[in-house]
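Engineer: What follows is structure15.pdb; its format and atoms are PDB, C-alpha atoms (C1' of nucleotides).
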```pdb
MODEL        1
ATOM      1  CA  MET B1005      14.551 -11.384-120.784
ATOM      2  CA  PRO B1006      15.708 -14.802-119.949
ATOM      3  CA  GLU B1007      18.295 -15.223-117.262
ATOM      4  CA  LEU B1008      18.966 -18.557-115.607
ATOM      5  CA  PRO B1009      15.680 -18.772-113.675
ATOM      6  CA  GLU B1010      13.583 -18.072-116.758
ATOM      7  CA  VAL B1011      15.531 -20.616-118.786
ATOM      8  CA  GLU B1012      15.209 -23.218-116.043
ATOM      9  CA  VAL B1013      11.503 -22.539-115.581
ATOM     10  CA  THR B1014      11.108 -22.951-119.317
ATOM     11  CA  ARG B1015      13.024 -26.223-119.279
ATOM     12  CA  ARG B1016      10.923 -27.654-116.461
ATOM     13  CA  SER B1017       7.744 -26.660-118.216
ATOM     14  CA  PHE B1018       8.302 -28.946-121.191
ATOM     15  CA  ALA B1019      11.151 -31.392-120.522
ATOM     16  CA  ASP B1020       9.003 -34.217-119.189
ATOM     17  CA  ARG B1021       6.358 -33.820-121.849
ATOM     18  CA  ILE B1022       8.688 -33.798-124.825
ATOM     19  CA  ALA B1023      10.977 -36.576-123.622
ATOM     20  CA  GLY B1024      10.418 -39.687-125.731
ATOM     21  CA  ALA B1025       8.725 -37.822-128.580
ATOM     22  CA  ARG B1026       9.840 -38.458-132.142
ATOM     23  CA  VAL B1027      10.703 -35.558-134.427
ATOM     24  CA  THR B1028       8.463 -35.420-137.460
ATOM     25  CA  ALA B1029       9.612 -32.167-139.045
ATOM     26  CA  VAL B1030      11.444 -28.907-138.481
ATOM     27  CA  ARG B1031      10.294 -25.498-139.645
ATOM     28  CA  LEU B1032      12.695 -22.590-139.858
ATOM     29  CA  GLY B1033      11.621 -18.949-139.942
ATOM     30  CA  ALA B1034      13.829 -15.884-140.155
ATOM     31  CA  ALA B1035      17.514 -16.245-139.403
ATOM     32  CA  LEU B1036      18.511 -16.279-135.748
ATOM     33  CA  ARG B1037      21.868 -15.425-134.213
ATOM     34  CA  TRP B1038      23.547 -18.455-135.728
ATOM     35  CA  PRO B1039      22.443 -20.845-138.454
ATOM     36  CA  LEU B1040      21.058 -24.204-137.386
ATOM     37  CA  GLY B1041      24.147 -25.903-138.727
ATOM     38  CA  CYS B1042      22.490 -28.906-140.330
ATOM     39  CA  ASP B1043      19.878 -29.776-142.897
ATOM     40  CA  PRO B1044      16.610 -29.558-140.914
ATOM     41  CA  GLU B1045      15.177 -32.517-142.825
ATOM     42  CA  THR B1046      17.780 -34.828-141.370
ATOM     43  CA  LEU B1047      16.323 -34.396-137.885
ATOM     44  CA  ALA B1048      13.093 -36.191-138.702
ATOM     45  CA  GLY B1049      12.975 -39.618-137.094
ATOM     46  CA  PHE B1050      15.177 -38.737-134.128
ATOM     47  CA  SER B1051      13.684 -39.152-130.681
ATOM     48  CA  VAL B1052      13.961 -36.420-128.121
ATOM     49  CA  GLY B1053      15.672 -37.013-124.809
ATOM     50  CA  HIS B1054      15.429 -35.099-121.553
ATOM     51  CA  ALA B1055      16.149 -31.382-121.904
ATOM     52  CA  GLN B1056      19.089 -30.129-119.895
ATOM     53  CA  ARG B1057      20.281 -26.662-119.012
ATOM     54  CA  ARG B1058      23.786 -25.224-118.914
ATOM     55  CA  GLY B1059      23.924 -21.575-117.942
ATOM     56  CA  LYS B1060      21.292 -19.855-120.035
ATOM     57  CA  TYR B1061      21.450 -22.539-122.721
ATOM     58  CA  LEU B1062      19.138 -25.488-123.118
ATOM     59  CA  TRP B1063      20.314 -28.744-124.615
ATOM     60  CA  LEU B1064      17.803 -31.018-126.294
ATOM     61  CA  PRO B1065      19.377 -34.426-126.896
ATOM     62  CA  LEU B1066      18.330 -36.315-130.011
ATOM     63  CA  GLU B1067      18.883 -39.959-130.691
ATOM     64  CA  ARG B1068      18.180 -42.423-133.479
ATOM     65  CA  GLY B1069      18.879 -46.065-133.108
ATOM     66  CA  ALA B1070      21.527 -47.185-130.686
ATOM     67  CA  ASP B1071      24.429 -45.014-131.640
ATOM     68  CA  GLU B1072      23.218 -42.040-133.628
ATOM     69  CA  ARG B1073      23.218 -39.073-131.292
ATOM     70  CA  CYS B1074      23.159 -35.329-131.632
ATOM     71  CA  GLY B1075      21.176 -32.472-130.172
ATOM     72  CA  LEU B1076      20.008 -28.909-130.326
ATOM     73  CA  LEU B1077      21.508 -26.132-128.249
ATOM     74  CA  ILE B1078      18.922 -23.444-127.668
ATOM     75  CA  HIS B1079      19.440 -19.916-126.384
ATOM     76  CA  LEU B1080      16.585 -17.499-125.767
ATOM     77  CA  GLY B1081      18.671 -14.389-126.309
ATOM     78  CA  MET B1082      17.081 -11.224-125.033
ATOM     79  CA  SER B1083      13.465 -11.702-126.050
ATOM     80  CA  GLY B1084      13.014 -15.386-126.785
ATOM     81  CA  SER B1085      10.550 -17.825-125.313
ATOM     82  CA  LEU B1086       9.638 -21.432-125.970
ATOM     83  CA  ALA B1087       6.164 -22.891-126.157
ATOM     84  CA  PHE B1088       5.324 -26.581-126.350
ATOM     85  CA  SER B1089       1.793 -27.315-127.473
ATOM     86  CA  ASP B1090      -0.338 -29.792-129.377
ATOM     87  CA  ALA B1091      -1.545 -27.654-132.219
ATOM     88  CA  PRO B1092       0.230 -24.314-132.344
ATOM     89  CA  PRO B1093      -1.332 -21.531-134.402
ATOM     90  CA  ASP B1094       0.146 -20.675-137.785
ATOM     91  CA  PRO B1095       3.570 -19.212-137.242
ATOM     92  CA  GLY B1096       3.555 -15.463-136.637
ATOM     93  CA  ARG B1097       6.232 -13.051-137.699
ATOM     94  CA  HIS B1098       8.358 -13.771-134.626
ATOM     95  CA  ASP B1099       8.081 -17.546-134.634
ATOM     96  CA  HIS B1100      11.434 -18.614-136.008
ATOM     97  CA  PHE B1101      11.766 -22.269-135.170
ATOM     98  CA  ASP B1102       9.341 -25.175-134.804
ATOM     99  CA  LEU B1103      10.331 -28.654-133.777
ATOM    100  CA  LEU B1104       7.340 -30.780-134.705
ATOM    101  CA  THR B1105       7.117 -34.023-132.772
ATOM    102  CA  THR B1106       4.691 -36.832-132.121
ATOM    103  CA  ARG B1107       3.842 -35.190-128.775
ATOM    104  CA  GLY B1108       3.525 -31.607-129.868
ATOM    105  CA  THR B1109       5.428 -28.712-131.321
ATOM    106  CA  LEU B1110       8.243 -26.890-129.582
ATOM    107  CA  ARG B1111       8.231 -23.325-130.885
ATOM    108  CA  LEU B1112      10.767 -20.564-130.401
ATOM    109  CA  THR B1113       9.286 -17.075-130.536
ATOM    110  CA  ASP B1114      11.887 -14.332-130.495
ATOM    111  CA  PRO B1115      11.119 -10.803-131.716
ATOM    112  CA  ARG B1116      14.690  -9.554-131.488
ATOM    113  CA  ARG B1117      16.253 -12.708-132.871
ATOM    114  CA  PHE B1118      19.239 -12.685-130.539
ATOM    115  CA  GLY B1119      18.351 -16.242-129.679
ATOM    116  CA  ALA B1120      19.557 -19.339-131.456
ATOM    117  CA  VAL B1121      18.958 -22.998-132.147
ATOM    118  CA  VAL B1122      22.181 -24.739-133.049
ATOM    119  CA  TRP B1123      22.654 -28.332-134.035
ATOM    120  CA  SER B1124      25.636 -30.137-132.570
ATOM    121  CA  THR B1125      26.846 -33.710-132.442
ATOM    122  CA  SER B1126      27.113 -33.550-128.664
ATOM    123  CA  LEU B1127      27.486 -31.152-125.764
ATOM    124  CA  ASP B1128      31.216 -31.744-125.751
ATOM    125  CA  SER B1129      31.905 -31.277-129.401
ATOM    126  CA  GLY B1130      31.182 -29.051-132.356
ATOM    127  CA  MET B1131      29.320 -25.807-131.994
ATOM    128  CA  ALA B1132      27.875 -26.624-128.564
ATOM    129  CA  ALA B1133      31.301 -27.175-127.064
ATOM    130  CA  LYS B1134      32.522 -23.945-128.565
ATOM    131  CA  LEU B1135      29.616 -21.938-127.164
ATOM    132  CA  LEU B1136      29.733 -23.516-123.726
ATOM    133  CA  ALA B1137      33.495 -23.418-123.302
ATOM    134  CA  PRO B1138      33.728 -19.914-121.787
ATOM    135  CA  LEU B1139      31.060 -20.585-119.160
ATOM    136  CA  GLY B1140      31.898 -20.549-115.474
ATOM    137  CA  HIS B1141      30.386 -22.676-112.711
ATOM    138  CA  GLU B1142      26.725 -23.381-112.373
ATOM    139  CA  PRO B1143      25.574 -21.220-109.468
ATOM    140  CA  PHE B1144      24.411 -24.182-107.389
ATOM    141  CA  ASP B1145      27.453 -26.310-108.080
ATOM    142  CA  PRO B1146      28.931 -27.224-104.691
ATOM    143  CA  ALA B1147      32.352 -27.145-106.329
ATOM    144  CA  LEU B1148      31.954 -23.384-106.404
ATOM    145  CA  THR B1149      32.994 -22.658-102.853
ATOM    146  CA  ALA B1150      33.150 -19.228-101.253
ATOM    147  CA  ARG B1151      36.880 -19.589-101.332
ATOM    148  CA  ALA B1152      37.003 -20.436-105.036
ATOM    149  CA  PHE B1153      34.682 -17.535-105.766
ATOM    150  CA  HIS B1154      36.899 -15.157-103.823
ATOM    151  CA  GLU B1155      40.003 -16.447-105.593
ATOM    152  CA  ALA B1156      38.372 -15.843-108.958
ATOM    153  CA  LEU B1157      37.419 -12.274-108.061
ATOM    154  CA  LYS B1158      40.733 -11.463-106.471
ATOM    155  CA  GLY B1159      42.780 -11.096-109.627
ATOM    156  CA  ARG B1160      40.403  -8.772-111.447
ATOM    157  CA  ARG B1161      40.077  -5.055-111.548
ATOM    158  CA  ALA B1162      36.757  -4.953-113.373
ATOM    159  CA  PRO B1163      33.661  -3.755-111.506
ATOM    160  CA  VAL B1164      32.070  -6.645-109.661
ATOM    161  CA  LYS B1165      28.839  -6.297-111.617
ATOM    162  CA  ALA B1166      30.714  -6.739-114.890
ATOM    163  CA  ALA B1167      32.267  -9.915-113.510
ATOM    164  CA  LEU B1168      28.847 -11.318-112.599
ATOM    165  CA  LEU B1169      27.453 -10.549-116.034
ATOM    166  CA  ALA B1170      30.468 -11.971-117.816
ATOM    167  CA  GLY B1171      29.480 -15.410-116.559
ATOM    168  CA  ASP B1172      32.983 -16.819-116.696
ATOM    169  CA  ILE B1173      33.113 -17.251-112.924
ATOM    170  CA  VAL B1174      29.494 -18.121-112.230
ATOM    171  CA  VAL B1175      26.759 -18.321-114.853
ATOM    172  CA  GLY B1176      23.109 -17.447-114.648
ATOM    173  CA  ALA B1177      22.832 -13.936-113.284
ATOM    174  CA  GLY B1178      21.906 -11.464-115.999
ATOM    175  CA  ASN B1179      21.189  -7.796-115.592
ATOM    176  CA  ILE B1180      18.222  -8.125-113.249
ATOM    177  CA  TYR B1181      19.608 -10.733-110.892
ATOM    178  CA  ALA B1182      23.116  -9.269-110.849
ATOM    179  CA  CYS B1183      21.633  -5.968-109.659
ATOM    180  CA  GLU B1184      19.434  -7.709-107.125
ATOM    181  CA  ALA B1185      22.179  -9.945-105.763
ATOM    182  CA  LEU B1186      24.531  -6.984-105.305
ATOM    183  CA  PHE B1187      21.804  -5.103-103.474
ATOM    184  CA  ALA B1188      21.150  -8.080-101.229
ATOM    185  CA  ALA B1189      24.869  -8.334-100.512
ATOM    186  CA  GLY B1190      25.190  -4.612 -99.823
ATOM    187  CA  ILE B1191      27.961  -4.227-102.389
ATOM    188  CA  ASP B1192      28.308  -1.240-104.700
ATOM    189  CA  PRO B1193      28.177  -2.599-108.277
ATOM    190  CA  ARG B1194      31.162  -0.438-109.236
ATOM    191  CA  THR B1195      33.442  -2.026-106.649
ATOM    192  CA  PRO B1196      36.538  -3.520-108.256
ATOM    193  CA  CYS B1197      36.552  -7.295-107.828
ATOM    194  CA  SER B1198      39.972  -7.134-106.243
ATOM    195  CA  ARG B1199      38.588  -5.047-103.385
ATOM    196  CA  ILE B1200      36.158  -7.719-102.339
ATOM    197  CA  GLY B1201      37.532  -9.714 -99.454
ATOM    198  CA  PRO B1202      36.730 -13.292 -98.475
ATOM    199  CA  ALA B1203      33.809 -12.377 -96.227
ATOM    200  CA  ARG B1204      32.065 -10.201 -98.775
ATOM    201  CA  ALA B1205      32.767 -12.716-101.531
ATOM    202  CA  GLU B1206      31.077 -15.369 -99.439
ATOM    203  CA  ARG B1207      28.100 -13.109 -98.847
ATOM    204  CA  LEU B1208      27.852 -12.194-102.516
ATOM    205  CA  LEU B1209      27.901 -15.813-103.616
ATOM    206  CA  ALA B1210      25.196 -16.614-101.086
ATOM    207  CA  CYS B1211      23.138 -13.693-102.391
ATOM    208  CA  VAL B1212      23.544 -14.734-106.018
ATOM    209  CA  ARG B1213      22.278 -18.164-105.045
ATOM    210  CA  ALA B1214      19.441 -16.838-102.902
ATOM    211  CA  THR B1215      18.346 -14.406-105.609
ATOM    212  CA  LEU B1216      18.338 -17.047-108.320
ATOM    213  CA  SER B1217      16.507 -19.595-106.194
ATOM    214  CA  ARG B1218      13.881 -17.091-105.130
ATOM    215  CA  ALA B1219      13.329 -16.183-108.783
ATOM    216  CA  LEU B1220      13.029 -19.875-109.611
ATOM    217  CA  GLU B1221      10.390 -20.330-106.915
ATOM    218  CA  LEU B1222       8.403 -17.473-108.372
ATOM    219  CA  GLY B1223       8.627 -18.728-111.937
ATOM    220  CA  GLY B1224      11.093 -16.110-113.104
ATOM    221  CA  SER B1225      10.526 -12.479-113.986
ATOM    222  CA  THR B1226       8.119 -11.242-116.599
ATOM    223  CA  LEU B1227       9.073  -7.779-117.765
ATOM    224  CA  ARG B1228       7.738  -7.717-121.266
ATOM    225  CA  ASP B1229       7.381 -11.043-122.863
ATOM    226  CA  PHE B1230       8.670 -13.909-120.773
ATOM    227  CA  ARG B1231       6.397 -16.926-120.552
ATOM    228  CA  ASP B1232       7.305 -20.502-119.837
ATOM    229  CA  ALA B1233       6.309 -23.178-122.306
ATOM    230  CA  HIS B1234       2.828 -23.278-120.737
ATOM    231  CA  GLY B1235       2.418 -19.554-121.292
ATOM    232  CA  MET B1236       2.701 -18.704-117.587
ATOM    233  CA  ASP B1237       4.048 -15.393-116.366
ATOM    234  CA  GLY B1238       6.785 -15.119-113.788
ATOM    235  CA  ALA B1239       6.280 -13.139-110.598
ATOM    236  CA  PHE B1240       9.761 -12.156-109.455
ATOM    237  CA  GLN B1241       9.622  -8.681-110.951
ATOM    238  CA  ALA B1242       7.155  -7.656-108.243
ATOM    239  CA  GLU B1243       9.845  -8.447-105.676
ATOM    240  CA  ALA B1244      12.690  -6.579-107.334
ATOM    241  CA  GLN B1245      14.306  -4.316-104.763
ATOM    242  CA  VAL B1246      16.286  -2.139-107.144
ATOM    243  CA  TYR B1247      15.928  -3.299-110.748
ATOM    244  CA  GLY B1248      13.772  -0.905-112.730
ATOM    245  CA  ARG B1249      13.175   1.276-109.646
ATOM    246  CA  GLU B1250      15.233   4.362-110.477
ATOM    247  CA  GLY B1251      14.174   7.305-108.339
ATOM    248  CA  GLN B1252      11.932   5.197-106.108
ATOM    249  CA  ARG B1253      12.483   4.636-102.410
ATOM    250  CA  CYS B1254      14.945   2.019-101.339
ATOM    251  CA  VAL B1255      12.964  -0.635 -99.496
ATOM    252  CA  ARG B1256      15.668  -0.833 -96.860
ATOM    253  CA  CYS B1257      16.836   2.712 -96.145
ATOM    254  CA  GLY B1258      14.266   4.905 -97.881
ATOM    255  CA  GLY B1259      16.860   6.681-100.018
ATOM    256  CA  ALA B1260      16.485   7.019-103.779
ATOM    257  CA  VAL B1261      17.463   4.087-106.003
ATOM    258  CA  ARG B1262      19.940   5.206-108.650
ATOM    259  CA  ARG B1263      20.531   4.113-112.218
ATOM    260  CA  ILE B1264      23.966   4.219-113.785
ATOM    261  CA  VAL B1265      25.351   2.643-116.934
ATOM    262  CA  GLN B1266      28.082   0.004-116.785
ATOM    263  CA  GLY B1267      29.276  -1.710-119.931
ATOM    264  CA  GLN B1268      26.303  -0.296-121.842
ATOM    265  CA  ARG B1269      23.857  -1.882-119.425
ATOM    266  CA  SER B1270      21.704  -0.189-116.839
ATOM    267  CA  THR B1271      22.695  -0.836-113.254
ATOM    268  CA  PHE B1272      20.264  -0.088-110.441
ATOM    269  CA  TYR B1273      21.543   0.255-106.895
ATOM    270  CA  CYS B1274      21.046   2.031-103.615
ATOM    271  CA  PRO B1275      23.934   4.362-102.764
ATOM    272  CA  GLY B1276      22.944   4.235 -99.102
ATOM    273  CA  CYS B1277      22.887   0.465 -98.710
ATOM    274  CA  GLN B1278      25.575  -0.635-101.144
ATOM    275  CA  ARG B1279      29.173   0.147-100.306
ATOM    276  CA  ARG B1280      32.501  -0.139-102.040
TER     277      ARG B1280
ATOM    278  C1'  DA C1228      45.485  -8.704-121.026
ATOM    279  C1'  DG C1229      41.671  -6.267-119.982
ATOM    280  C1'  DT C1230      38.106  -2.900-120.589
ATOM    281  C1'  DT C1231      35.005  -0.555-123.790
ATOM    282  C1'  DA C1232      32.273   0.015-127.889
ATOM    283  C1'  DA C1233      29.762  -1.793-131.723
ATOM    284  C1'  DA C1234      27.108  -5.239-133.623
ATOM    285  C1'  DC C1235      23.188  -8.361-134.166
ATOM    286  C1'  DC C1236      17.320  -7.175-134.290
ATOM    287  C1'  DT C1237      12.420  -5.507-133.245
ATOM    288  C1'  DG C1238       9.173  -3.090-130.540
ATOM    289  C1'  DG C1239       7.590  -0.267-126.869
ATOM    290  C1'  DT C1240       7.858   4.121-124.490
ATOM    291  C1'  DT C1241       9.103   8.931-124.019
ATOM    292  C1'  DG C1242       9.620  13.512-125.410
ATOM    293  C1'  DC C1243       9.535  17.261-128.620
TER     294       DC C1243
ATOM    295  C1'  DT R1381      -0.450  12.875-134.616
ATOM    296  C1'  DG R1382       4.222  12.159-136.140
ATOM    297  C1'  DC R1383       8.656  11.219-135.650
ATOM    298  C1'  DA R1384      13.123  10.908-133.486
ATOM    299  C1'  DA R1385      15.540   9.222-129.657
ATOM    300  C1'  DC R1386      16.142   6.042-126.318
ATOM    301  C1'  DC R1387      15.254   1.907-123.847
ATOM    302  C1'  DA R1388      15.062  -3.396-123.291
ATOM    303  C1'  DG R1389      16.104  -9.793-119.879
ATOM    304  C1'  DG R1390      22.338 -11.466-124.003
ATOM    305  C1'  DT R1391      26.539 -12.469-126.079
ATOM    306  C1'  DT R1392      30.197 -12.179-129.608
ATOM    307  C1'  DT R1393      33.487  -9.559-132.096
ATOM    308  C1'  DA R1394      36.361  -5.794-133.062
ATOM    309  C1'  DA R1395      38.754  -1.893-131.436
ATOM    310  C1'  DC R1396      41.368   0.983-128.053
TER     311       DC R1396
ENDMDL
END
```
Please rewrite the model in this file as structure tokens.
Structural biologist:
Amino acid sequence: MPELPEVEVTRRSFADRIAGARVTAVRLGAALRWPLGCDPETLAGFSVGHAQRRGKYLWLPLERGADERCGLLIHLGMSGSLAFSDAPPDPGRHDHFDLLTTRGTLRLTDPRRFGAVVWSTSLDSGMAAKLLAPLGHEPFDPALTARAFHEALKGRRAPVKAALLAGDIVVGAGNIYACEALFAAGIDPRTPCSRIGPARAERLLACVRATLSRALELGGSTLRDFRDAHGMDGAFQAEAQVYGREGQRCVRCGGAVRRIVQGQRSTFYCPGCQRR
DNA sequence: AGTTAAACCTGGTTGC
DNA sequence: TGCAACCAGGTTTAAC
């Protein structure tokens, strides 16, 4: 579920409220993708800082006293969502992590358990550093110029959609937004990266950005189970031009939207509007 | 090196 | 109705 917009919407929905809270306890449910990496009891007494986002990860800084710092790196996986509330109900079978604080409980619900909460001493060290190391630019980072984007694509033979999903050039676009951005850019998802010239690279980057910001405005996409930490649905899915629309009319040319499989993931595109 | 497949899980939908 | 097969927003790891 959660691509960059959903993760960012989630972050915004609780960051201000949890900042300054003190951790009172941690409850662990079933195992997630990785173990927490510390004794949960040791987190009590830390105060929570302002949640940050890097790619599809959230970073919750923790601090005790002047110089004792660490934090939790959170990933929502495929089906995860966070809720921050005063008195959450008893944990259900998919509630795998609770951070109890003086301002409320941050709860990770994740049926498929591809998500994770990982303790790390800082963003630049330990497990967090290891997980974040392969990530490419933030999509809205001005340092990611059209030229830099083109240079990164140039040397690759992989299909352009695979390169977007890989996230080692630019992070944030998952399966939905990669499909949508490629449609907006008029580029066939199977096109080898090396065949994309400077002009199309520039257009694609602009479309990735436009797609992600539009999704952010709409509060993300809710396909099955995404909610922000207030329990709000996203609305982007109603605007999807190709994702999930196999066999339906292309909104631009009226032709049929097609579904193919690339790297074990569904790709939706319009053969009429998207060219190699 | 670079691409592809398998793996981690559960649940919903589809089709026989 | 039951059950098998397939599908799902992500990412790492192992295998060609």
Engineer: For the file shown, what are the residues hit by the PyMOL selection byres ((chain R and resi 1384) around 9), laid out as a PyMOL selection string?
Structural biologist: (chain C and resi 1243) or (chain R and resi 1383+1385)
Engineer: Pull out every residue that the PyMOL selection byres ((chain C) within 10 of (chain B)) matches in the shown coordinates and put them as a list of chain:residue names.
Structural biologist: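 Against this file, the PyMOL selection byres ((chain C) within 10 of (chain B)) returns the residues C:DG1229, C:DT1230, C:DT1231, C:DA1232, C:DC1235, C:DC1236, C:DT1237, C:DG1238, C:DG1239.
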Engineer: What residues in chain B have any atom no more than 12 Å from chain R when counting only C-alpha atoms (C1' of nucleotides), and can you write them as a short mmCIF file (atom, residue, chain, number, x, y, z; two decimals) with C-alpha atoms, in the coordinates of the input?
Structural biologist:
```cif
data_model
loop_
_atom_site.label_atom_id
_atom_site.label_comp_id
_atom_site.auth_asym_id
_atom_site.auth_seq_id
_atom_site.Cartn_x
_atom_site.Cartn_y
_atom_site.Cartn_z
CA MET B 1005 14.55 -11.38 -120.78
CA PRO B 1006 15.71 -14.80 -119.95
CA GLU B 1007 18.30 -15.22 -117.26
CA LEU B 1008 18.97 -18.56 -115.61
CA PRO B 1009 15.68 -18.77 -113.68
CA GLU B 1010 13.58 -18.07 -116.76
CA VAL B 1011 15.53 -20.62 -118.79
CA ARG B 1037 21.87 -15.42 -134.21
CA TRP B 1038 23.55 -18.45 -135.73
CA GLY B 1059 23.92 -21.58 -117.94
CA LYS B 1060 21.29 -19.86 -120.04
CA TYR B 1061 21.45 -22.54 -122.72
CA HIS B 1079 19.44 -19.92 -126.38
CA LEU B 1080 16.58 -17.50 -125.77
CA GLY B 1081 18.67 -14.39 -126.31
CA MET B 1082 17.08 -11.22 -125.03
CA SER B 1083 13.46 -11.70 -126.05
CA GLY B 1084 13.01 -15.39 -126.78
CA SER B 1085 10.55 -17.82 -125.31
CA PRO B 1115 11.12 -10.80 -131.72
CA ARG B 1116 14.69 -9.55 -131.49
CA ARG B 1117 16.25 -12.71 -132.87
CA PHE B 1118 19.24 -12.68 -130.54
CA GLY B 1119 18.35 -16.24 -129.68
CA ALA B 1120 19.56 -19.34 -131.46
CA LEU B 1135 29.62 -21.94 -127.16
CA LEU B 1136 29.73 -23.52 -123.73
CA PRO B 1138 33.73 -19.91 -121.79
CA LEU B 1139 31.06 -20.58 -119.16
CA LEU B 1169 27.45 -10.55 -116.03
CA ALA B 1170 30.47 -11.97 -117.82
CA GLY B 1171 29.48 -15.41 -116.56
CA GLY B 1176 23.11 -17.45 -114.65
CA ALA B 1177 22.83 -13.94 -113.28
CA GLY B 1178 21.91 -11.46 -116.00
CA ASN B 1179 21.19 -7.80 -115.59
CA ILE B 1180 18.22 -8.12 -113.25
CA TYR B 1181 19.61 -10.73 -110.89
CA ALA B 1182 23.12 -9.27 -110.85
CA GLY B 1224 11.09 -16.11 -113.10
CA SER B 1225 10.53 -12.48 -113.99
CA THR B 1226 8.12 -11.24 -116.60
CA LEU B 1227 9.07 -7.78 -117.76
CA ARG B 1228 7.74 -7.72 -121.27
CA ASP B 1229 7.38 -11.04 -122.86
CA PHE B 1230 8.67 -13.91 -120.77
CA GLN B 1241 9.62 -8.68 -110.95
CA TYR B 1247 15.93 -3.30 -110.75
CA GLY B 1248 13.77 -0.90 -112.73
CA GLN B 1268 26.30 -0.30 -121.84
CA ARG B 1269 23.86 -1.88 -119.42
CA SER B 1270 21.70 -0.19 -116.84
#
```
Engineer: In Å, with one decimal, what is the gap from atom CA of B:Ala1205 to atom CA of B:Ala1150?
Structural biologist: 6.5 Å
Engineer: Kindly indicate which residue among B:Val1265, B:Leu1040, B:Cys1257, B:Ala1214 lies nearest to B:Gly1075, using all atoms listed in the file for the distances.
Structural biologist: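 So, comparing all the options, the nearest one is B:Leu1040.
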Engineer: Just give me the gap between atom CA of B:Ala1242 and atom CA of B:Leu1186 in Å, one decimal is fine.
Structural biologist: 17.6 Å
Engineer: Would you mind reading off the distance between atom CA of B:Val1052 and atom CA of B:Asp1145, one decimal, in Å?
Structural biologist: 26.2 Å
Engineer: For B:Arg1111, please output as a PyMOL selection string all residues within 7 Å (counting all atoms listed in the file; exclusion window: fewer than 4 positions along the same chain).
Structural biologist: chain B and resi 1086-1088+1099+1101-1103
Engineer: Produce a file of the selected residues containing C-alpha atoms, as an mmCIF file, keeping the file's coordinate frame.
Structural biologist:
```cif
data_model
loop_
_atom_site.group_PDB
_atom_site.id
_atom_site.type_symbol
_atom_site.label_atom_id
_atom_site.label_comp_id
_atom_site.auth_asym_id
_atom_site.auth_seq_id
_atom_site.Cartn_x
_atom_site.Cartn_y
_atom_site.Cartn_z
ATOM 1 C CA LEU B 1086 9.638 -21.432 -125.970
ATOM 2 C CA ALA B 1087 6.164 -22.891 -126.157
ATOM 3 C CA PHE B 1088 5.324 -26.581 -126.350
ATOM 4 C CA ASP B 1099 8.081 -17.546 -134.634
ATOM 5 C CA PHE B 1101 11.766 -22.269 -135.170
ATOM 6 C CA ASP B 1102 9.341 -25.175 -134.804
ATOM 7 C CA LEU B 1103 10.331 -28.654 -133.777
#
```
Engineer: Got a sec to resolve the PyMOL selection byres ((chain B and resi 1198-1203) around 9) on this structure and send the residues as a PDB file with C-alpha atoms, in the coordinates of the input?
Structural biologist:
```pdb
ATOM      1  CA  ALA B1150      33.150 -19.228-101.253  1.00  0.00           C
ATOM      2  CA  ARG B1151      36.880 -19.589-101.332  1.00  0.00           C
ATOM      3  CA  PHE B1153      34.682 -17.535-105.766  1.00  0.00           C
ATOM      4  CA  HIS B1154      36.899 -15.157-103.823  1.00  0.00           C
ATOM      5  CA  GLU B1155      40.003 -16.447-105.593  1.00  0.00           C
ATOM      6  CA  LEU B1157      37.419 -12.274-108.061  1.00  0.00           C
ATOM      7  CA  LYS B1158      40.733 -11.463-106.471  1.00  0.00           C
ATOM      8  CA  GLY B1159      42.780 -11.096-109.627  1.00  0.00           C
ATOM      9  CA  ARG B1160      40.403  -8.772-111.447  1.00  0.00           C
ATOM     10  CA  ARG B1161      40.077  -5.055-111.548  1.00  0.00           C
ATOM     11  CA  ALA B1162      36.757  -4.953-113.373  1.00  0.00           C
ATOM     12  CA  PRO B1163      33.661  -3.755-111.506  1.00  0.00           C
ATOM     13  CA  VAL B1164      32.070  -6.645-109.661  1.00  0.00           C
ATOM     14  CA  ILE B1191      27.961  -4.227-102.389  1.00  0.00           C
ATOM     15  CA  THR B1195      33.442  -2.026-106.649  1.00  0.00           C
ATOM     16  CA  PRO B1196      36.538  -3.520-108.256  1.00  0.00           C
ATOM     17  CA  CYS B1197      36.552  -7.295-107.828  1.00  0.00           C
ATOM     18  CA  ARG B1204      32.065 -10.201 -98.775  1.00  0.00           C
ATOM     19  CA  ALA B1205      32.767 -12.716-101.531  1.00  0.00           C
ATOM     20  CA  GLU B1206      31.077 -15.369 -99.439  1.00  0.00           C
ATOM     21  CA  ARG B1207      28.100 -13.109 -98.847  1.00  0.00           C
ATOM     22  CA  LEU B1208      27.852 -12.194-102.516  1.00  0.00           C
ATOM     23  CA  ARG B1280      32.501  -0.139-102.040  1.00  0.00           C
TER      24      ARG B1280
END
```
Engineer: How big is the axis-aligned box around all listed atoms of stretch 1231-1242 of chain C once 8 Å goes on each side, and where's its centre, in Å to one decimal, as lines of an AutoDock Vina configuration file?
Structural biologist:
```
center_x = 21.3
center_y = 2.6
center_z = -129.0
size_x = 43.4
size_y = 37.9
size_z = 26.5
```
